[in-house]
Amino acid sequence: MSEASGPVSEGTLMPLHQGFVPVACALALGGLQTGLAAQSFYILVSGGIRRVRARAHILAVVVLLWASSTVFTVLYVHSWRLRLRNLGPKPNDIHAFLVAADLANIWIARLIYYISGAIVVWRAWVLWPYSRTIRRILVLCTAVTLASGLTDVIITTLVNLDVYPREEASKLNLGLLMSIPLLATNAISTFFIGLKVWYYRREVKAFISKCGGLAPTVENILLLLVESGLLYTVFWILYVLSDYDVFPDAIFQDTWQIVVIYVAAIHPMAIILAVTHHRSHEHAIKSGAELLSKSVHFVPQNTVGTVSDMRFHSIDSPAVHPESSPMHKETFTLV
């Protein structure tokens with residue numbers, strides 16, 4: 001004779017109800033990312049990975065982000081399913097698995113955050129090859145972000161393993177320890193990209209326009225990097241605010257924190273596809289900086305470190321003389 005099951009308390013059902021919406025978002029965004037990853041993979045491979053080494057690096061990043069978010073989705077959804085099935089009359093001991101799955105997802109989420117943040121820093125880095133000041137600021141931001149991130153994830157791991165007291169960890173406000181440096185790094189990197197757009201418009205656009213329609217393409221791509229960086233920064237601002245209970249309910253707050261993980265993973269792929277939209281199929285995976293390098297030389301003066309220390313000259317410009325000026329031709333891949 002089967003054993004009758006009693007009613008499930010509202011306190012038991014509430015966490016499962018709150019988890020339904022984040023799980024649905026995780027599945028939907030995971031599917032979206034898989035589609036974007038497949039398109040990005042095709043674009044990068046069809047352009048010829050062997051010819052441009054940076055494409056191979058970008059492809060590796062795309063694969064890593066997709067694989068990481070896929071593992072995150074599987075663990076997150078499976079953990080929720082186990083909790084749901086464990087409401088029966090004979091619950092299993094799933095505590096050990098849930099702790100392990102939660103810890104794995106904590107590390108995976110941090111990995112996705114820092115890879116996506118590093119890509120934003122990289123775009124700013126390659127756009128300022130001769131500014132030591134800007135590059136030092138980027139290095140400092142990256143170092144602080146990594147240090148605070150490692151501190152956050154290690155303490156969080158110890159707390160989940162009951163090694164570090166939760167009371168002490170709550171005083172550290174670990175959520176902000178991770179999110180504030182990431183937000184600041186993304187904002188600063190986006191500012192430097194925007195500064196390059198302003199400089200481009202002021203001193204470079206007149207020269208690029210001689211190349212037959214390349215100026216709008218380059219400008220559109222640089223503006224796209226700025227706009228995407230600003231949008232990504234807004235997502236992180238809302239993530240920081242989610243730690244202060246500004247959202248209407250716990251379900252929305254938990255859902256937003258899941259959404260940001262997938263936004264961080266999707267962000268680089270979306271840029272690749274958006275840049276492709278501005279190009280013909282033949283030049284789909286060439287970056288705006290590669291186009292710029294065909295018509296412009298970056299000629300440093302005696303000192304470097306600020307915007308005014310650089311001059312842009314067209315190849316066709318008589319002001320450029322290879323025999324008298326140190327010429328440096330830049331070839332970047334920004335996406």
# chains A, B, ... in the order shown; residues from 1 in each chain; ligands from 1
>>> residues_around(residues="Thr142 (chain A)", least_positions_apart="3", cutoff="12 Å", atoms="only C-alpha atoms", output="short mmCIF file (atom, residue, chain, number, x, y, z; two decimals) with N, CA and C atoms, in the first residue's frame")
data_model
loop_
_atom_site.label_atom_id
_atom_site.label_comp_id
_atom_site.auth_asym_id
_atom_site.auth_seq_id
_atom_site.Cartn_x
_atom_site.Cartn_y
_atom_site.Cartn_z
N TYR A 114 34.38 38.05 -15.80
CA TYR A 114 35.72 38.59 -16.00
C TYR A 114 36.19 38.43 -17.44
N ILE A 115 35.75 37.39 -18.13
CA ILE A 115 36.09 37.28 -19.55
C ILE A 115 35.43 38.40 -20.33
N GLY A 117 34.34 41.27 -19.17
CA GLY A 117 34.97 42.54 -18.79
C GLY A 117 36.33 42.72 -19.43
N ALA A 118 37.10 41.62 -19.54
CA ALA A 118 38.42 41.71 -20.16
C ALA A 118 38.32 42.07 -21.64
N ILE A 119 37.26 41.63 -22.30
CA ILE A 119 37.08 41.98 -23.71
C ILE A 119 36.85 43.48 -23.87
N VAL A 120 36.07 44.07 -22.97
CA VAL A 120 35.85 45.52 -23.02
C VAL A 120 37.17 46.27 -22.79
N VAL A 121 37.95 45.80 -21.82
CA VAL A 121 39.26 46.41 -21.56
C VAL A 121 40.17 46.26 -22.77
N TRP A 122 40.14 45.10 -23.39
CA TRP A 122 40.98 44.84 -24.56
C TRP A 122 40.67 45.80 -25.70
N TRP A 125 42.22 48.95 -24.90
CA TRP A 125 43.67 48.77 -24.93
C TRP A 125 44.21 48.91 -26.35
N ARG A 135 46.86 53.06 -20.78
CA ARG A 135 47.10 51.62 -20.60
C ARG A 135 47.43 51.28 -19.15
N ARG A 136 48.12 52.16 -18.47
CA ARG A 136 48.39 51.92 -17.05
C ARG A 136 47.10 51.95 -16.24
N ILE A 137 46.21 52.88 -16.58
CA ILE A 137 44.92 52.93 -15.88
C ILE A 137 44.14 51.64 -16.12
N LEU A 138 44.15 51.15 -17.35
CA LEU A 138 43.45 49.90 -17.67
C LEU A 138 44.05 48.71 -16.93
N VAL A 139 45.37 48.68 -16.84
CA VAL A 139 46.03 47.60 -16.10
C VAL A 139 45.67 47.66 -14.62
N THR A 145 40.16 44.69 -10.13
CA THR A 145 38.97 43.87 -10.38
C THR A 145 39.26 42.40 -10.12
N LEU A 146 40.40 41.91 -10.59
CA LEU A 146 40.75 40.51 -10.38
C LEU A 146 40.99 40.21 -8.91
N ALA A 147 41.68 41.11 -8.22
CA ALA A 147 41.96 40.91 -6.80
C ALA A 147 40.68 40.87 -5.98
N SER A 148 39.80 41.83 -6.22
CA SER A 148 38.55 41.85 -5.47
C SER A 148 37.66 40.67 -5.85
N GLY A 149 37.70 40.28 -7.12
CA GLY A 149 36.90 39.15 -7.55
C GLY A 149 37.35 37.84 -6.93
N PRO A 181 33.97 46.90 -8.60
CA PRO A 181 35.15 46.99 -9.48
C PRO A 181 34.84 46.63 -10.93
N LEU A 182 33.98 45.63 -11.15
CA LEU A 182 33.61 45.29 -12.52
C LEU A 182 32.88 46.44 -13.20
N LEU A 183 31.96 47.06 -12.47
CA LEU A 183 31.24 48.20 -13.02
C LEU A 183 32.19 49.34 -13.34
N ALA A 184 33.10 49.65 -12.43
CA ALA A 184 34.04 50.74 -12.65
C ALA A 184 34.96 50.46 -13.83
N THR A 185 35.44 49.24 -13.95
CA THR A 185 36.34 48.87 -15.05
C THR A 185 35.62 48.99 -16.39
N ASN A 186 34.40 48.50 -16.46
CA ASN A 186 33.63 48.60 -17.71
C ASN A 186 33.36 50.06 -18.07
N ILE A 188 35.08 52.78 -17.16
CA ILE A 188 36.32 53.47 -17.54
C ILE A 188 36.77 53.05 -18.93
N SER A 189 36.70 51.75 -19.23
CA SER A 189 37.08 51.27 -20.55
C SER A 189 36.18 51.85 -21.63
#
>>> residues_around(residues="Val99 (chain A)", least_positions_apart="3", cutoff="8 Å", atoms="only C-alpha atoms", output="list of chain:residue names")
A:His95, A:Ala96, A:Asp102, A:Leu103, A:Asn160, A:Leu161
>>> atom_distance(atom1="CA of Trp236 (chain A)", atom2="CA of Ile112 (chain A)")
13.5 Å
>>> residues_around(residues="Ile134 (chain A)", least_positions_apart="4", cutoff="12 Å", atoms="only C-alpha atoms", output="number ranges by chain")
A: 121-122, 124-130, 138-141, 188-189, 191-193, 195-196, 304-307
>>> write_last_selection(atoms="C-alpha atoms", output="PDB file, in the first residue's frame")
ATOM      1  CA  VAL A 121      39.262  46.408 -21.559  1.00  0.00           C
ATOM      2  CA  TRP A 122      40.983  44.839 -24.559  1.00  0.00           C
ATOM      3  CA  ALA A 124      40.112  50.140 -25.149  1.00  0.00           C
ATOM      4  CA  TRP A 125      43.673  48.771 -24.926  1.00  0.00           C
ATOM      5  CA  VAL A 126      44.134  48.251 -28.686  1.00  0.00           C
ATOM      6  CA  LEU A 127      42.607  51.627 -29.511  1.00  0.00           C
ATOM      7  CA  TRP A 128      45.288  53.420 -27.470  1.00  0.00           C
ATOM      8  CA  PRO A 129      48.581  51.741 -28.480  1.00  0.00           C
ATOM      9  CA  TYR A 130      50.762  54.763 -27.699  1.00  0.00           C
ATOM     10  CA  LEU A 138      43.451  49.903 -17.671  1.00  0.00           C
ATOM     11  CA  VAL A 139      46.032  47.596 -16.099  1.00  0.00           C
ATOM     12  CA  LEU A 140      45.322  49.048 -12.653  1.00  0.00           C
ATOM     13  CA  CYS A 141      41.557  48.630 -13.102  1.00  0.00           C
ATOM     14  CA  ILE A 188      36.320  53.470 -17.540  1.00  0.00           C
ATOM     15  CA  SER A 189      37.082  51.266 -20.547  1.00  0.00           C
ATOM     16  CA  PHE A 191      34.952  56.088 -21.566  1.00  0.00           C
ATOM     17  CA  PHE A 192      38.337  55.561 -23.235  1.00  0.00           C
ATOM     18  CA  ILE A 193      36.651  53.987 -26.275  1.00  0.00           C
ATOM     19  CA  LEU A 195      37.345  59.296 -26.174  1.00  0.00           C
ATOM     20  CA  LYS A 196      38.867  57.564 -29.188  1.00  0.00           C
ATOM     21  CA  VAL A 304      53.618  59.629 -25.647  1.00  0.00           C
ATOM     22  CA  GLY A 305      50.870  59.347 -23.109  1.00  0.00           C
ATOM     23  CA  THR A 306      48.090  61.768 -24.016  1.00  0.00           C
ATOM     24  CA  VAL A 307      45.716  62.305 -26.904  1.00  0.00           C
TER      25      VAL A 307
END
>>> residues_around(residues="Val62 (chain A)", least_positions_apart="6", cutoff="9 Å", atoms="only C-alpha atoms", output="PyMOL selection string")
chain A and resi 37+40-41+265-266+268-269
>>> write_last_selection(atoms="N, CA and C atoms", output="PDB file, in the first residue's frame")
ATOM      1  N   ALA A  37      26.154  31.987 -30.577  1.00  0.00           N
ATOM      2  CA  ALA A  37      27.476  31.363 -30.616  1.00  0.00           C
ATOM      3  C   ALA A  37      27.696  30.634 -31.935  1.00  0.00           C
ATOM      4  N   SER A  40      28.317  33.279 -34.600  1.00  0.00           N
ATOM      5  CA  SER A  40      29.646  33.868 -34.418  1.00  0.00           C
ATOM      6  C   SER A  40      30.725  32.890 -34.860  1.00  0.00           C
ATOM      7  N   PHE A  41      30.544  31.622 -34.528  1.00  0.00           N
ATOM      8  CA  PHE A  41      31.504  30.587 -34.925  1.00  0.00           C
ATOM      9  C   PHE A  41      31.615  30.539 -36.452  1.00  0.00           C
ATOM     10  N   ALA A 265      27.763  36.838 -21.107  1.00  0.00           N
ATOM     11  CA  ALA A 265      28.219  35.815 -22.047  1.00  0.00           C
ATOM     12  C   ALA A 265      27.816  36.151 -23.483  1.00  0.00           C
ATOM     13  N   ILE A 266      26.663  36.775 -23.657  1.00  0.00           N
ATOM     14  CA  ILE A 266      26.149  37.086 -24.994  1.00  0.00           C
ATOM     15  C   ILE A 266      26.798  38.333 -25.578  1.00  0.00           C
ATOM     16  N   PRO A 268      29.848  39.723 -26.121  1.00  0.00           N
ATOM     17  CA  PRO A 268      30.849  39.687 -27.197  1.00  0.00           C
ATOM     18  C   PRO A 268      30.302  39.119 -28.498  1.00  0.00           C
ATOM     19  N   MET A 269      29.436  38.120 -28.409  1.00  0.00           N
ATOM     20  CA  MET A 269      28.869  37.523 -29.621  1.00  0.00           C
ATOM     21  C   MET A 269      27.952  38.502 -30.331  1.00  0.00           C
TER      22      MET A 269
END
>>> residues_around(residues="Trp66 (chain A)", least_positions_apart="6", cutoff="12 Å", atoms="only C-alpha atoms", output="compact mmCIF listing (two decimals) with N, CA and C atoms, in the first residue's frame")
# COMPACT_ATOMS: atom_id res chain seq x y z
N LEU A 29 17.51 32.28 -22.34
CA LEU A 29 18.75 32.98 -22.68
C LEU A 29 19.86 32.01 -23.08
N GLY A 30 19.85 30.82 -22.47
CA GLY A 30 20.82 29.81 -22.88
C GLY A 30 20.61 29.39 -24.31
N GLY A 31 19.35 29.23 -24.72
CA GLY A 31 19.06 28.91 -26.12
C GLY A 31 19.45 30.03 -27.06
N LEU A 32 19.17 31.27 -26.64
CA LEU A 32 19.55 32.43 -27.46
C LEU A 32 21.06 32.49 -27.63
N GLN A 33 21.78 32.26 -26.55
CA GLN A 33 23.24 32.32 -26.65
C GLN A 33 23.79 31.22 -27.55
N THR A 34 23.19 30.04 -27.52
CA THR A 34 23.63 28.96 -28.39
C THR A 34 23.50 29.36 -29.86
N GLY A 35 22.37 30.01 -30.20
CA GLY A 35 22.19 30.48 -31.57
C GLY A 35 23.21 31.54 -31.96
N LEU A 36 23.46 32.49 -31.06
CA LEU A 36 24.45 33.54 -31.33
C LEU A 36 25.86 32.96 -31.44
N ALA A 37 26.15 31.99 -30.58
CA ALA A 37 27.48 31.36 -30.62
C ALA A 37 27.70 30.63 -31.93
N ALA A 38 26.66 29.95 -32.42
CA ALA A 38 26.77 29.23 -33.70
C ALA A 38 27.02 30.21 -34.85
N SER A 40 28.32 33.28 -34.60
CA SER A 40 29.65 33.87 -34.42
C SER A 40 30.72 32.89 -34.86
N PHE A 41 30.54 31.62 -34.53
CA PHE A 41 31.50 30.59 -34.92
C PHE A 41 31.61 30.54 -36.45
N LEU A 59 37.58 33.34 -31.34
CA LEU A 59 36.82 32.09 -31.44
C LEU A 59 36.95 31.27 -30.15
N ALA A 60 38.16 31.22 -29.58
CA ALA A 60 38.36 30.50 -28.33
C ALA A 60 37.53 31.12 -27.21
N PHE A 72 26.61 26.17 -16.72
CA PHE A 72 25.84 26.90 -15.71
C PHE A 72 24.36 26.59 -15.82
N THR A 73 23.83 26.61 -17.05
CA THR A 73 22.40 26.35 -17.26
C THR A 73 22.04 24.94 -16.82
N ILE A 108 31.72 29.67 -12.16
CA ILE A 108 31.44 29.85 -13.59
C ILE A 108 30.93 31.26 -13.86
N ALA A 109 30.03 31.75 -13.03
CA ALA A 109 29.50 33.10 -13.23
C ALA A 109 30.62 34.14 -13.16
N LEU A 111 33.76 33.63 -13.78
CA LEU A 111 34.59 33.47 -14.98
C LEU A 111 33.97 34.21 -16.16
N ILE A 112 32.68 34.08 -16.34
CA ILE A 112 31.99 34.76 -17.44
C ILE A 112 32.09 36.27 -17.27
N ILE A 115 35.75 37.39 -18.13
CA ILE A 115 36.09 37.28 -19.55
C ILE A 115 35.43 38.40 -20.33
N SER A 116 34.14 38.62 -20.08
CA SER A 116 33.42 39.68 -20.78
C SER A 116 34.00 41.06 -20.45
N ILE A 261 24.26 37.32 -15.93
CA ILE A 261 25.25 36.28 -16.29
C ILE A 261 25.19 36.01 -17.79
N TYR A 262 23.98 35.87 -18.32
CA TYR A 262 23.84 35.57 -19.75
C TYR A 262 24.14 36.79 -20.61
N VAL A 263 23.82 37.97 -20.12
CA VAL A 263 24.17 39.18 -20.86
C VAL A 263 25.68 39.28 -21.01
N ALA A 264 26.41 38.97 -19.93
CA ALA A 264 27.87 39.01 -19.99
C ALA A 264 28.41 38.00 -21.00
N ALA A 265 27.76 36.84 -21.11
CA ALA A 265 28.22 35.82 -22.05
C ALA A 265 27.82 36.15 -23.48
N ILE A 266 26.66 36.77 -23.66
CA ILE A 266 26.15 37.09 -24.99
C ILE A 266 26.80 38.33 -25.58
N HIS A 267 27.20 39.26 -24.73
CA HIS A 267 27.69 40.57 -25.15
C HIS A 267 28.75 40.50 -26.26
N PRO A 268 29.85 39.72 -26.12
CA PRO A 268 30.85 39.69 -27.20
C PRO A 268 30.30 39.12 -28.50
N MET A 269 29.44 38.12 -28.41
CA MET A 269 28.87 37.52 -29.62
C MET A 269 27.95 38.50 -30.33
>>> closest_residue(among="A:Thr157, A:Asp243, A:Asn105, A:Thr151", to="Tyr76 (chain A)", atoms="only C-alpha atoms")
A:Asn105
>>> atom_distance(atom1="CA of Arg85 (chain A)", atom2="CA of Val260 (chain A)")
27.7 Å
>>> residues_around(residues="Leu238 (chain A)", least_positions_apart="3", cutoff="12 Å", atoms="only C-alpha atoms", output="list in words")
Ser179, Ile180, Leu183, Leu231, Tyr232, Thr233, Val234, Phe235, Leu241, Ser242, Asp243, Tyr244, Asp245, Val246, Phe247, Phe252, Gln253, Thr255, Trp256, Gln257, Val259 and Val260 of chain A
>>> atom_distance(atom1="CA of Gly194 (chain A)", atom2="CA of Leu44 (chain A)")
25.8 Å
>>> closest_residue(among="A:Val77, A:Leu222, A:Ala143, A:Ile94", to="Phe20 (chain A)", atoms="only C-alpha atoms")
A:Val77
